[in-house]
>>> print(open('upload-v2.pdb').read())   # PDB, C-alpha atoms and all ligand atoms
ATOM      1  CA  MET V   4      49.897   6.280  15.968  1.00  0.00           C
ATOM      2  CA  GLN V   5      46.319   5.019  16.140  1.00  0.00           C
ATOM      3  CA  PRO V   6      45.200   2.975  14.301  1.00  0.00           C
ATOM      4  CA  GLY V   7      48.051   0.899  12.803  1.00  0.00           C
ATOM      5  CA  THR V   8      46.013   0.211   9.672  1.00  0.00           C
ATOM      6  CA  ALA V   9      43.523   2.733   8.347  1.00  0.00           C
ATOM      7  CA  ARG V  10      41.098   2.964   5.472  1.00  0.00           C
ATOM      8  CA  PRO V  11      40.629   5.962   3.167  1.00  0.00           C
ATOM      9  CA  GLY V  12      38.675   8.634   5.067  1.00  0.00           C
ATOM     10  CA  ASP V  13      39.715   7.375   8.506  1.00  0.00           C
ATOM     11  CA  ALA V  14      40.744   9.668  11.342  1.00  0.00           C
ATOM     12  CA  VAL V  15      44.224   9.022  12.721  1.00  0.00           C
ATOM     13  CA  VAL V  16      45.864  10.297  15.887  1.00  0.00           C
ATOM     14  CA  VAL V  17      49.601  10.769  16.339  1.00  0.00           C
ATOM     15  CA  THR V  18      50.854  11.159  19.901  1.00  0.00           C
ATOM     16  CA  VAL V  19      54.405  12.243  20.796  1.00  0.00           C
ATOM     17  CA  ARG V  20      55.644  11.906  24.351  1.00  0.00           C
ATOM     18  CA  GLY V  21      58.730  13.435  25.887  1.00  0.00           C
ATOM     19  CA  ALA V  22      59.296  16.377  23.520  1.00  0.00           C
ATOM     20  CA  GLU V  23      59.534  19.729  25.301  1.00  0.00           C
ATOM     21  CA  ASP V  24      58.560  21.839  22.322  1.00  0.00           C
ATOM     22  CA  SER V  25      55.858  21.203  19.778  1.00  0.00           C
ATOM     23  CA  PRO V  26      56.799  18.658  17.083  1.00  0.00           C
ATOM     24  CA  THR V  27      56.018  19.213  13.402  1.00  0.00           C
ATOM     25  CA  GLY V  28      55.348  16.546  10.812  1.00  0.00           C
ATOM     26  CA  THR V  29      53.478  15.094   7.877  1.00  0.00           C
ATOM     27  CA  LEU V  30      51.321  12.044   7.195  1.00  0.00           C
ATOM     28  CA  GLY V  31      51.548  11.355   3.475  1.00  0.00           C
ATOM     29  CA  ASP V  32      51.253  14.818   1.930  1.00  0.00           C
ATOM     30  CA  ARG V  33      49.155  16.218   4.768  1.00  0.00           C
ATOM     31  CA  GLU V  34      50.698  18.528   7.341  1.00  0.00           C
ATOM     32  CA  LEU V  35      50.238  17.518  10.989  1.00  0.00           C
ATOM     33  CA  ARG V  36      49.364  20.151  13.587  1.00  0.00           C
ATOM     34  CA  PHE V  37      50.387  19.178  17.096  1.00  0.00           C
ATOM     35  CA  TRP V  38      48.715  20.441  20.271  1.00  0.00           C
ATOM     36  CA  PRO V  39      49.896  20.002  23.843  1.00  0.00           C
ATOM     37  CA  ILE V  40      48.181  17.279  25.863  1.00  0.00           C
ATOM     38  CA  PRO V  41      49.160  16.166  29.385  1.00  0.00           C
ATOM     39  CA  GLY V  42      52.595  14.534  29.017  1.00  0.00           C
ATOM     40  CA  GLY V  43      53.134  15.297  25.360  1.00  0.00           C
ATOM     41  CA  HIS V  44      51.718  16.506  22.069  1.00  0.00           C
ATOM     42  CA  GLN V  45      49.075  15.158  19.754  1.00  0.00           C
ATOM     43  CA  ALA V  46      47.887  15.670  16.172  1.00  0.00           C
ATOM     44  CA  ILE V  47      44.636  14.473  14.638  1.00  0.00           C
ATOM     45  CA  ALA V  48      44.580  13.886  10.877  1.00  0.00           C
ATOM     46  CA  ALA V  49      42.464  12.147   8.264  1.00  0.00           C
ATOM     47  CA  VAL V  50      43.532   9.808   5.471  1.00  0.00           C
ATOM     48  CA  ASP V  51      42.463  11.168   2.067  1.00  0.00           C
ATOM     49  CA  VAL V  52      39.169   9.591   1.035  1.00  0.00           C
ATOM     50  CA  GLU V  53      40.718   9.081  -2.438  1.00  0.00           C
ATOM     51  CA  ALA V  54      43.826   7.362  -1.007  1.00  0.00           C
ATOM     52  CA  LYS V  55      45.033   4.147  -2.647  1.00  0.00           C
ATOM     53  CA  ALA V  56      45.823   0.994  -0.672  1.00  0.00           C
ATOM     54  CA  ASP V  57      49.493   1.993  -0.294  1.00  0.00           C
ATOM     55  CA  PRO V  58      51.347   2.686   2.970  1.00  0.00           C
ATOM     56  CA  LEU V  59      51.486   6.343   4.005  1.00  0.00           C
ATOM     57  CA  GLY V  60      54.727   7.739   5.377  1.00  0.00           C
ATOM     58  CA  LEU V  61      54.700   9.437   8.772  1.00  0.00           C
ATOM     59  CA  GLU V  62      57.480  11.921   9.488  1.00  0.00           C
ATOM     60  CA  VAL V  63      57.768  13.789  12.758  1.00  0.00           C
ATOM     61  CA  GLN V  64      60.464  16.320  13.622  1.00  0.00           C
ATOM     62  CA  LEU V  65      61.209  16.848  17.299  1.00  0.00           C
ATOM     63  CA  PRO V  66      62.955  20.087  18.178  1.00  0.00           C
ATOM     64  CA  GLY V  67      66.102  19.235  20.148  1.00  0.00           C
ATOM     65  CA  GLY V  68      66.190  22.359  22.275  1.00  0.00           C
ATOM     66  CA  GLU V  69      69.203  24.570  23.023  1.00  0.00           C
ATOM     67  CA  ASN V  70      71.939  21.934  23.327  1.00  0.00           C
ATOM     68  CA  ALA V  71      70.687  19.101  21.160  1.00  0.00           C
ATOM     69  CA  ASP V  72      70.091  18.319  17.519  1.00  0.00           C
ATOM     70  CA  ASP V  73      66.598  17.989  16.140  1.00  0.00           C
ATOM     71  CA  LEU V  74      65.345  14.432  15.965  1.00  0.00           C
ATOM     72  CA  GLN V  75      63.410  12.893  13.127  1.00  0.00           C
ATOM     73  CA  VAL V  76      61.063   9.975  13.717  1.00  0.00           C
ATOM     74  CA  GLU V  77      59.574   7.985  10.860  1.00  0.00           C
ATOM     75  CA  GLY V  78      56.771   5.510  10.665  1.00  0.00           C
ATOM     76  CA  THR V  79      54.295   3.947   8.290  1.00  0.00           C
ATOM     77  CA  LEU V  80      50.528   3.828   8.279  1.00  0.00           C
ATOM     78  CA  GLU V  81      49.156   0.827   6.404  1.00  0.00           C
ATOM     79  CA  VAL V  82      46.161   1.801   4.261  1.00  0.00           C
ATOM     80  CA  ALA V  83      43.606  -0.867   3.401  1.00  0.00           C
ATOM     81  CA  GLU V  84      41.491  -0.743   0.270  1.00  0.00           C
ATOM     82  CA  ALA V  85      38.300   1.331   0.417  1.00  0.00           C
ATOM     83  CA  HIS V  86      34.962  -0.422   0.086  1.00  0.00           C
ATOM     84  CA  PHE V  87      32.429   2.268  -0.742  1.00  0.00           C
ATOM     85  CA  PRO V  88      29.129   0.652  -1.768  1.00  0.00           C
ATOM     86  CA  GLU V  89      27.069   2.180  -4.556  1.00  0.00           C
ATOM     87  CA  ARG V  90      23.495   3.061  -3.747  1.00  0.00           C
ATOM     88  CA  ALA V  91      20.599   4.577  -5.664  1.00  0.00           C
ATOM     89  CA  LEU V  92      18.375   6.949  -3.694  1.00  0.00           C
ATOM     90  CA  THR V  93      15.241   8.905  -4.436  1.00  0.00           C
ATOM     91  CA  VAL V  94      14.799  12.338  -2.853  1.00  0.00           C
ATOM     92  CA  ALA V  95      12.491  15.279  -3.598  1.00  0.00           C
ATOM     93  CA  ALA V  96      13.374  16.710  -7.031  1.00  0.00           C
ATOM     94  CA  ARG V  97      14.060  20.158  -5.536  1.00  0.00           C
ATOM     95  CA  TYR V  98      17.168  18.731  -3.838  1.00  0.00           C
ATOM     96  CA  VAL V  99      18.625  17.381  -7.066  1.00  0.00           C
ATOM     97  CA  THR V 100      17.793  20.473  -9.115  1.00  0.00           C
ATOM     98  CA  PRO V 101      17.328  23.334  -6.623  1.00  0.00           C
ATOM     99  CA  PRO V 102      14.938  26.006  -7.925  1.00  0.00           C
ATOM    100  CA  PRO V 103      16.463  29.447  -8.649  1.00  0.00           C
ATOM    101  CA  SER V 104      14.575  30.855  -5.632  1.00  0.00           C
ATOM    102  CA  VAL V 105      16.855  28.971  -3.184  1.00  0.00           C
ATOM    103  CA  LYS V 106      20.190  29.815  -4.868  1.00  0.00           C
ATOM    104  CA  LYS V 107      20.856  32.645  -2.406  1.00  0.00           C
ATOM    105  CA  TRP V 108      19.895  30.424   0.555  1.00  0.00           C
ATOM    106  CA  ILE V 109      22.343  27.704  -0.563  1.00  0.00           C
ATOM    107  CA  ALA V 110      25.134  30.270  -1.085  1.00  0.00           C
ATOM    108  CA  GLU V 111      24.523  31.692   2.407  1.00  0.00           C
ATOM    109  CA  ASP V 112      24.595  28.175   3.893  1.00  0.00           C
ATOM    110  CA  GLN V 113      27.987  27.577   2.289  1.00  0.00           C
ATOM    111  CA  LYS V 114      29.319  30.862   3.668  1.00  0.00           C
ATOM    112  CA  ALA V 115      27.972  30.030   7.133  1.00  0.00           C
ATOM    113  CA  PHE V 116      29.661  26.582   7.049  1.00  0.00           C
ATOM    114  CA  THR V 117      32.983  28.083   5.933  1.00  0.00           C
ATOM    115  CA  ARG V 118      32.853  30.731   8.646  1.00  0.00           C
ATOM    116  CA  ALA V 119      31.842  28.215  11.346  1.00  0.00           C
ATOM    117  CA  MET V 120      34.637  25.836  10.389  1.00  0.00           C
ATOM    118  CA  ALA V 121      37.362  28.481  10.457  1.00  0.00           C
ATOM    119  CA  GLN V 122      37.797  28.518  14.228  1.00  0.00           C
ATOM    120  CA  PRO V 123      41.141  29.815  15.507  1.00  0.00           C
ATOM    121  CA  PRO V 124      43.546  26.919  16.033  1.00  0.00           C
ATOM    122  CA  GLY V 125      43.934  25.677  19.582  1.00  0.00           C
ATOM    123  CA  PRO V 126      44.265  22.572  21.734  1.00  0.00           C
ATOM    124  CA  ARG V 127      41.526  19.997  22.065  1.00  0.00           C
ATOM    125  CA  LEU V 128      38.524  20.978  24.178  1.00  0.00           C
ATOM    126  CA  PHE V 129      37.741  17.395  25.246  1.00  0.00           C
ATOM    127  CA  THR V 130      39.316  14.722  27.438  1.00  0.00           C
ATOM    128  CA  ALA V 131      36.995  11.716  26.978  1.00  0.00           C
ATOM    129  CA  ASN V 132      36.487   9.572  23.870  1.00  0.00           C
ATOM    130  CA  PHE V 133      33.823  10.448  21.277  1.00  0.00           C
ATOM    131  CA  ASP V 134      30.427   8.783  21.575  1.00  0.00           C
ATOM    132  CA  TRP V 135      27.510   8.203  19.191  1.00  0.00           C
ATOM    133  CA  PRO V 136      25.029  11.118  19.223  1.00  0.00           C
ATOM    134  CA  VAL V 137      22.131   8.633  19.154  1.00  0.00           C
ATOM    135  CA  GLN V 138      22.273   4.960  20.120  1.00  0.00           C
ATOM    136  CA  SER V 139      20.737   3.292  17.097  1.00  0.00           C
ATOM    137  CA  MET V 140      21.345   1.343  13.939  1.00  0.00           C
ATOM    138  CA  LEU V 141      23.729   2.599  11.296  1.00  0.00           C
ATOM    139  CA  THR V 142      21.781   2.785   8.023  1.00  0.00           C
ATOM    140  CA  ALA V 143      24.417   4.282   5.705  1.00  0.00           C
ATOM    141  CA  GLY V 144      28.162   4.420   6.197  1.00  0.00           C
ATOM    142  CA  PHE V 145      30.812   6.950   5.276  1.00  0.00           C
ATOM    143  CA  GLY V 146      31.885   7.072   1.654  1.00  0.00           C
ATOM    144  CA  ASP V 147      28.803   5.487   0.031  1.00  0.00           C
ATOM    145  CA  LEU V 148      28.700   6.426  -3.642  1.00  0.00           C
ATOM    146  CA  ARG V 149      25.226   7.662  -4.374  1.00  0.00           C
ATOM    147  CA  LEU V 150      23.136   8.188  -7.408  1.00  0.00           C
ATOM    148  CA  LEU V 151      20.281  10.548  -6.564  1.00  0.00           C
ATOM    149  CA  ASN V 152      17.070  10.187  -8.601  1.00  0.00           C
ATOM    150  CA  GLY V 153      19.006   8.330 -11.271  1.00  0.00           C
ATOM    151  CA  ARG V 154      21.063  11.373 -12.289  1.00  0.00           C
ATOM    152  CA  LYS V 155      23.055  13.234  -9.627  1.00  0.00           C
ATOM    153  CA  GLN V 156      26.207  11.554  -8.303  1.00  0.00           C
ATOM    154  CA  SER V 157      27.418  12.289  -4.800  1.00  0.00           C
ATOM    155  CA  GLN V 158      29.498  10.734  -2.066  1.00  0.00           C
ATOM    156  CA  HIS V 159      28.230  10.369   1.491  1.00  0.00           C
ATOM    157  CA  PHE V 160      30.600  12.176   3.860  1.00  0.00           C
ATOM    158  CA  GLY V 161      29.008  11.071   7.113  1.00  0.00           C
ATOM    159  CA  THR V 162      27.229   8.242   8.879  1.00  0.00           C
ATOM    160  CA  ASP V 163      23.448   7.913   8.907  1.00  0.00           C
ATOM    161  CA  LEU V 164      21.845   6.716  12.120  1.00  0.00           C
ATOM    162  CA  ASP V 165      18.292   5.475  12.191  1.00  0.00           C
ATOM    163  CA  GLY V 166      15.786   7.419  14.264  1.00  0.00           C
ATOM    164  CA  VAL V 167      12.258   8.594  14.766  1.00  0.00           C
ATOM    165  CA  THR V 168      11.382  12.295  14.547  1.00  0.00           C
ATOM    166  CA  GLY V 169      11.734  13.712  18.060  1.00  0.00           C
ATOM    167  CA  ASP V 170      14.427  11.303  19.323  1.00  0.00           C
ATOM    168  CA  PRO V 171      17.078  13.246  21.307  1.00  0.00           C
ATOM    169  CA  VAL V 172      20.457  13.946  19.665  1.00  0.00           C
ATOM    170  CA  PHE V 173      23.445  14.344  21.992  1.00  0.00           C
ATOM    171  CA  ALA V 174      26.828  16.053  21.621  1.00  0.00           C
ATOM    172  CA  SER V 175      29.448  13.439  20.715  1.00  0.00           C
ATOM    173  CA  ASN V 176      31.989  15.182  22.941  1.00  0.00           C
ATOM    174  CA  ASP V 177      32.758  18.435  24.782  1.00  0.00           C
ATOM    175  CA  GLY V 178      33.059  21.518  22.608  1.00  0.00           C
ATOM    176  CA  ALA V 179      31.414  24.727  21.448  1.00  0.00           C
ATOM    177  CA  VAL V 180      28.495  25.182  19.057  1.00  0.00           C
ATOM    178  CA  VAL V 181      29.810  27.119  16.058  1.00  0.00           C
ATOM    179  CA  LEU V 182      26.685  26.864  13.907  1.00  0.00           C
ATOM    180  CA  SER V 183      22.990  26.327  14.620  1.00  0.00           C
ATOM    181  CA  ARG V 184      21.103  27.073  11.440  1.00  0.00           C
ATOM    182  CA  GLU V 185      18.348  25.948   9.094  1.00  0.00           C
ATOM    183  CA  CYS V 186      20.164  25.018   5.881  1.00  0.00           C
ATOM    184  CA  TYR V 187      18.640  24.011   2.552  1.00  0.00           C
ATOM    185  CA  THR V 188      20.366  20.675   1.931  1.00  0.00           C
ATOM    186  CA  SER V 189      21.387  19.633   5.457  1.00  0.00           C
ATOM    187  CA  GLY V 190      18.147  20.944   7.013  1.00  0.00           C
ATOM    188  CA  ASN V 191      18.320  22.011  10.645  1.00  0.00           C
ATOM    189  CA  THR V 192      22.039  21.781  11.314  1.00  0.00           C
ATOM    190  CA  VAL V 193      24.307  21.983  14.361  1.00  0.00           C
ATOM    191  CA  LEU V 194      28.105  22.084  14.130  1.00  0.00           C
ATOM    192  CA  VAL V 195      30.272  21.595  17.222  1.00  0.00           C
ATOM    193  CA  PHE V 196      33.967  22.543  17.402  1.00  0.00           C
ATOM    194  CA  HIS V 197      36.096  20.308  19.649  1.00  0.00           C
ATOM    195  CA  GLY V 198      39.457  22.073  19.274  1.00  0.00           C
ATOM    196  CA  ALA V 199      42.498  20.480  17.577  1.00  0.00           C
ATOM    197  CA  GLY V 200      41.001  21.149  14.124  1.00  0.00           C
ATOM    198  CA  LEU V 201      38.089  18.786  14.821  1.00  0.00           C
ATOM    199  CA  TYR V 202      34.339  19.326  14.251  1.00  0.00           C
ATOM    200  CA  THR V 203      31.214  17.161  14.503  1.00  0.00           C
ATOM    201  CA  ALA V 204      28.087  17.818  12.415  1.00  0.00           C
ATOM    202  CA  TYR V 205      24.444  16.933  13.076  1.00  0.00           C
ATOM    203  CA  PHE V 206      22.090  17.247  10.069  1.00  0.00           C
ATOM    204  CA  HIS V 207      18.347  17.022   9.297  1.00  0.00           C
ATOM    205  CA  LEU V 208      17.180  17.830  12.859  1.00  0.00           C
ATOM    206  CA  SER V 209      13.494  18.523  13.475  1.00  0.00           C
ATOM    207  CA  LYS V 210      14.502  20.875  16.275  1.00  0.00           C
ATOM    208  CA  ARG V 211      17.707  22.656  17.314  1.00  0.00           C
ATOM    209  CA  GLU V 212      18.079  23.166  21.057  1.00  0.00           C
ATOM    210  CA  VAL V 213      21.439  24.998  21.226  1.00  0.00           C
ATOM    211  CA  LYS V 214      22.621  28.380  20.012  1.00  0.00           C
ATOM    212  CA  THR V 215      25.768  29.391  18.155  1.00  0.00           C
ATOM    213  CA  GLY V 216      28.469  30.240  20.700  1.00  0.00           C
ATOM    214  CA  GLU V 217      27.124  27.935  23.395  1.00  0.00           C
ATOM    215  CA  LYS V 218      29.545  25.555  25.159  1.00  0.00           C
ATOM    216  CA  VAL V 219      28.315  21.956  25.229  1.00  0.00           C
ATOM    217  CA  ALA V 220      29.338  18.908  27.224  1.00  0.00           C
ATOM    218  CA  ARG V 221      29.590  15.331  25.948  1.00  0.00           C
ATOM    219  CA  GLY V 222      26.110  13.800  26.110  1.00  0.00           C
ATOM    220  CA  GLN V 223      24.327  17.167  26.262  1.00  0.00           C
ATOM    221  CA  ARG V 224      21.200  17.380  24.119  1.00  0.00           C
ATOM    222  CA  LEU V 225      21.665  19.405  20.914  1.00  0.00           C
ATOM    223  CA  GLY V 226      18.267  18.853  19.316  1.00  0.00           C
ATOM    224  CA  ARG V 227      15.911  16.218  17.943  1.00  0.00           C
ATOM    225  CA  VAL V 228      16.065  13.746  15.057  1.00  0.00           C
ATOM    226  CA  GLY V 229      14.109  14.902  12.021  1.00  0.00           C
ATOM    227  CA  ALA V 230      13.723  14.781   8.251  1.00  0.00           C
ATOM    228  CA  THR V 231      14.586  18.345   7.214  1.00  0.00           C
ATOM    229  CA  GLY V 232      16.595  19.022   4.042  1.00  0.00           C
ATOM    230  CA  ARG V 233      17.664  16.366   1.511  1.00  0.00           C
ATOM    231  CA  VAL V 234      16.490  13.096   3.083  1.00  0.00           C
ATOM    232  CA  THR V 235      14.592   9.923   2.292  1.00  0.00           C
ATOM    233  CA  GLY V 236      13.103   9.839   5.818  1.00  0.00           C
ATOM    234  CA  PRO V 237      13.844  10.717   9.468  1.00  0.00           C
ATOM    235  CA  HIS V 238      17.410   9.952  10.557  1.00  0.00           C
ATOM    236  CA  LEU V 239      20.506  11.650  11.942  1.00  0.00           C
ATOM    237  CA  HIS V 240      23.369  12.380   9.579  1.00  0.00           C
ATOM    238  CA  PHE V 241      26.476  12.505  11.788  1.00  0.00           C
ATOM    239  CA  GLY V 242      29.582  14.055  10.249  1.00  0.00           C
ATOM    240  CA  VAL V 243      33.179  14.508  11.396  1.00  0.00           C
ATOM    241  CA  LYS V 244      35.608  17.035   9.957  1.00  0.00           C
ATOM    242  CA  VAL V 245      39.327  16.779  10.699  1.00  0.00           C
ATOM    243  CA  GLU V 246      41.650  19.606   9.648  1.00  0.00           C
ATOM    244  CA  GLY V 247      39.372  20.580   6.762  1.00  0.00           C
ATOM    245  CA  HIS V 248      38.538  17.048   5.565  1.00  0.00           C
ATOM    246  CA  TRP V 249      35.381  15.002   6.190  1.00  0.00           C
ATOM    247  CA  ALA V 250      36.346  11.775   7.957  1.00  0.00           C
ATOM    248  CA  ASP V 251      34.562   8.538   8.857  1.00  0.00           C
ATOM    249  CA  PRO V 252      32.780   9.065  12.211  1.00  0.00           C
ATOM    250  CA  GLU V 253      33.151   5.368  13.072  1.00  0.00           C
ATOM    251  CA  SER V 254      36.935   5.721  12.842  1.00  0.00           C
ATOM    252  CA  LEU V 255      36.915   8.721  15.224  1.00  0.00           C
ATOM    253  CA  LEU V 256      34.837   6.762  17.744  1.00  0.00           C
ATOM    254  CA  ARG V 257      37.407   3.938  17.699  1.00  0.00           C
ATOM    255  CA  LEU V 258      40.255   6.276  18.740  1.00  0.00           C
ATOM    256  CA  ASP V 259      41.327   6.222  22.375  1.00  0.00           C
ATOM    257  CA  PHE V 260      42.006   9.754  23.636  1.00  0.00           C
ATOM    258  CA  GLU V 261      41.864   8.772  27.302  1.00  0.00           C
TER     259      GLU V 261
HETATM  260 ZN    ZN M   1      23.808  11.127   5.671  1.00  0.00          ZN
END
>>> encode(input="upload-v2.pdb", output="structure tokens")
Amino acid sequence: MQPGTARPGDAVVVTVRGAEDSPTGTLGDRELRFWPIPGGHQAIAAVDVEAKADPLGLEVQLPGGENADDLQVEGTLEVAEAHFPERALTVAARYVTPPPSVKKWIAEDQKAFTRAMAQPPGPRLFTANFDWPVQSMLTAGFGDLRLLNGRKQSQHFGTDLDGVTGDPVFASNDGAVVLSRECYTSGNTVLVFHGAGLYTAYFHLSKREVKTGEKVARGQRLGRVGATGRVTGPHLHFGVKVEGHWADPESLLRLDFE
């Protein structure tokens, strides 16, 4: 299991070697889905962002095959306390109280996200580790608790990377574009599916340079940094979704898949 100690919202990878058939298991109360990798099976999961600083139980069942009993393996993931700083931000009022004229747009964005992130299950589409989509300074981390314009509370489910409008944005890893769309809140948005229940998200682009359905390689250009949607200025919001849960992108980049 990587890592040995995680924080709430971290991505975790569980690798099983030597089992012929696919294992099953749980991490805390979350089901693990294993996919074949060379020499074994692997599951990618995320620790609940609301998790307390208590150890999480790992249970993995290994099917024994025709002439053997099933095996159960147990482990523990230490969970450290979350440190989510509180920040006050000011954005255009129309992003805190959207006018009635954009209600339909926002509803269609939500439908498009749901559809894009319901890809049929399958093994991972990548072999290398994940990389930053832009090489720049991190300006806001995952989990920040935000107060927008002094009234709307929200939590930041991604990592903000500093940038200048027009800077290139690259795919964090191999995958397929499952959404390329102008959204109200996230602005020009690209979502990439990497298999194994894993997605990366690129928000607020000034320009999208890939189409839905397109296969992309790690390091391939997806678009350009911008300031579209709910922003305080030009930057890239980089998001990671693991099995239906937003996870800390920094934690995914620390995992060794190679
Ligand atoms: Zn952000």
>>> closest_residue(input="upload-v2.pdb", among="V:Glu81, V:Asp72, V:Asp251, V:Glu34", to="ligand ZN 1 (chain M)", atoms="only C-alpha atoms and all ligand atoms")
V:Asp251
>>> residues_near_ligand(input="upload-v2.pdb", ligand="ligand ZN 1 (chain M)", cutoff="12 Å", atoms="only C-alpha atoms and all ligand atoms", output="PyMOL selection string")
chain V and resi 92+141-149+157-165+188-190+204-208+230-243+251-252
>>> residues_around(input="upload-v2.pdb", residues="V:Gly200", least_positions_apart="2", cutoff="9 Å", atoms="all atoms listed in the file", output="list in words")
Arg36, Ile47, Ala48, Met120, Ala121, Gln122, Pro123, Pro124, Gly125, Pro126, Arg127, Phe196, His197, Gly198, Tyr202, Lys244, Val245, Glu246 and Gly247 of chain V
>>> resolve_selection(input="upload-v2.pdb", expression="the PyMOL selection byres (((chain V and resi 32) around 10) and not hetatm)", output="list in words")
Gly28, Thr29, Leu30, Gly31, Arg33, Glu34, Leu35, Val50, Asp51, Leu59, Gly60 and Leu61 of chain V
>>> resolve_selection(input="upload-v2.pdb", expression="the PyMOL selection byres (((chain V and resi 258-260) around 9) and not hetatm)", output="number ranges by chain")
V: 5-6, 14-16, 129-133, 254-257, 261
>>> write_last_selection(input="upload-v2.pdb", atoms="C-alpha atoms", output="mmCIF file, in the coordinates of the input")
data_model
loop_
_atom_site.group_PDB
_atom_site.id
_atom_site.type_symbol
_atom_site.label_atom_id
_atom_site.label_comp_id
_atom_site.auth_asym_id
_atom_site.auth_seq_id
_atom_site.Cartn_x
_atom_site.Cartn_y
_atom_site.Cartn_z
ATOM 1 C CA GLN V 5 46.319 5.019 16.140
ATOM 2 C CA PRO V 6 45.200 2.975 14.301
ATOM 3 C CA ALA V 14 40.744 9.668 11.342
ATOM 4 C CA VAL V 15 44.224 9.022 12.721
ATOM 5 C CA VAL V 16 45.864 10.297 15.887
ATOM 6 C CA PHE V 129 37.741 17.395 25.246
ATOM 7 C CA THR V 130 39.316 14.722 27.438
ATOM 8 C CA ALA V 131 36.995 11.716 26.978
ATOM 9 C CA ASN V 132 36.487 9.572 23.870
ATOM 10 C CA PHE V 133 33.823 10.448 21.277
ATOM 11 C CA SER V 254 36.935 5.721 12.842
ATOM 12 C CA LEU V 255 36.915 8.721 15.224
ATOM 13 C CA LEU V 256 34.837 6.762 17.744
ATOM 14 C CA ARG V 257 37.407 3.938 17.699
ATOM 15 C CA GLU V 261 41.864 8.772 27.302
#
>>> atom_distance(input="upload-v2.pdb", atom1="atom CA of V:Gln138", atom2="atom CA of V:Val181")
23.8 Å
>>> atom_distance(input="upload-v2.pdb", atom1="atom CA of V:Gly229", atom2="atom CA of V:Val167")
7.1 Å
>>> atom_distance(input="upload-v2.pdb", atom1="atom CA of V:Trp135", atom2="atom CA of V:Thr215")
21.3 Å
>>> resolve_selection(input="upload-v2.pdb", expression="the PyMOL selection byres (((chain V and resi 26) around 9) and not hetatm)", output="list in words")
Val19, Ala22, Glu23, Asp24, Ser25, Thr27, Gly28, Arg36, Phe37, Trp38, His44, Gln45, Val63, Gln64, Leu65 and Pro66 of chain V
>>> closest_residue(input="upload-v2.pdb", among="V:Ser139, V:Thr192, V:Ser183, V:Gln75", to="V:Glu217", atoms="all atoms listed in the file")
V:Ser183
>>> closest_residue(input="upload-v2.pdb", among="V:Ala199, V:Leu194, V:Val76, V:Ala46", to="V:Gly226", atoms="only C-alpha atoms")
V:Leu194
>>> closest_residue(input="upload-v2.pdb", among="V:Lys106, V:Arg221, V:Arg10, V:His86", to="V:Tyr187", atoms="all atoms listed in the file")
V:Lys106
>>> residues_near_point(input="upload-v2.pdb", point="(19.1, 20.3, 27.3)", cutoff="12 Å", atoms="all atoms listed in the file", output="list in words")
Pro171, Val172, Phe173, Ala174, Lys210, Arg211, Glu212, Val213, Lys214, Glu217, Lys218, Val219, Ala220, Arg221, Gly222, Gln223, Arg224, Leu225, Gly226 and Arg227 of chain V
>>> closest_residue(input="upload-v2.pdb", among="V:Asp57, V:Gln156, V:Pro11, V:Asp177", to="V:Phe87", atoms="all atoms listed in the file")
V:Pro11
>>> closest_residue(input="upload-v2.pdb", among="V:Leu182, V:Leu128, V:Leu74, V:Met4", to="V:Asp112", atoms="all atoms listed in the file")
V:Leu182
>>> axis_aligned_box(input="upload-v2.pdb", around="stretch 241-244 of chain V", padding_each_side="5 Å", output="AutoDock Vina command-line options")
--center_x 31.0 --center_y 14.8 --center_z 10.9 --size_x 19.1 --size_y 14.5 --size_z 11.8
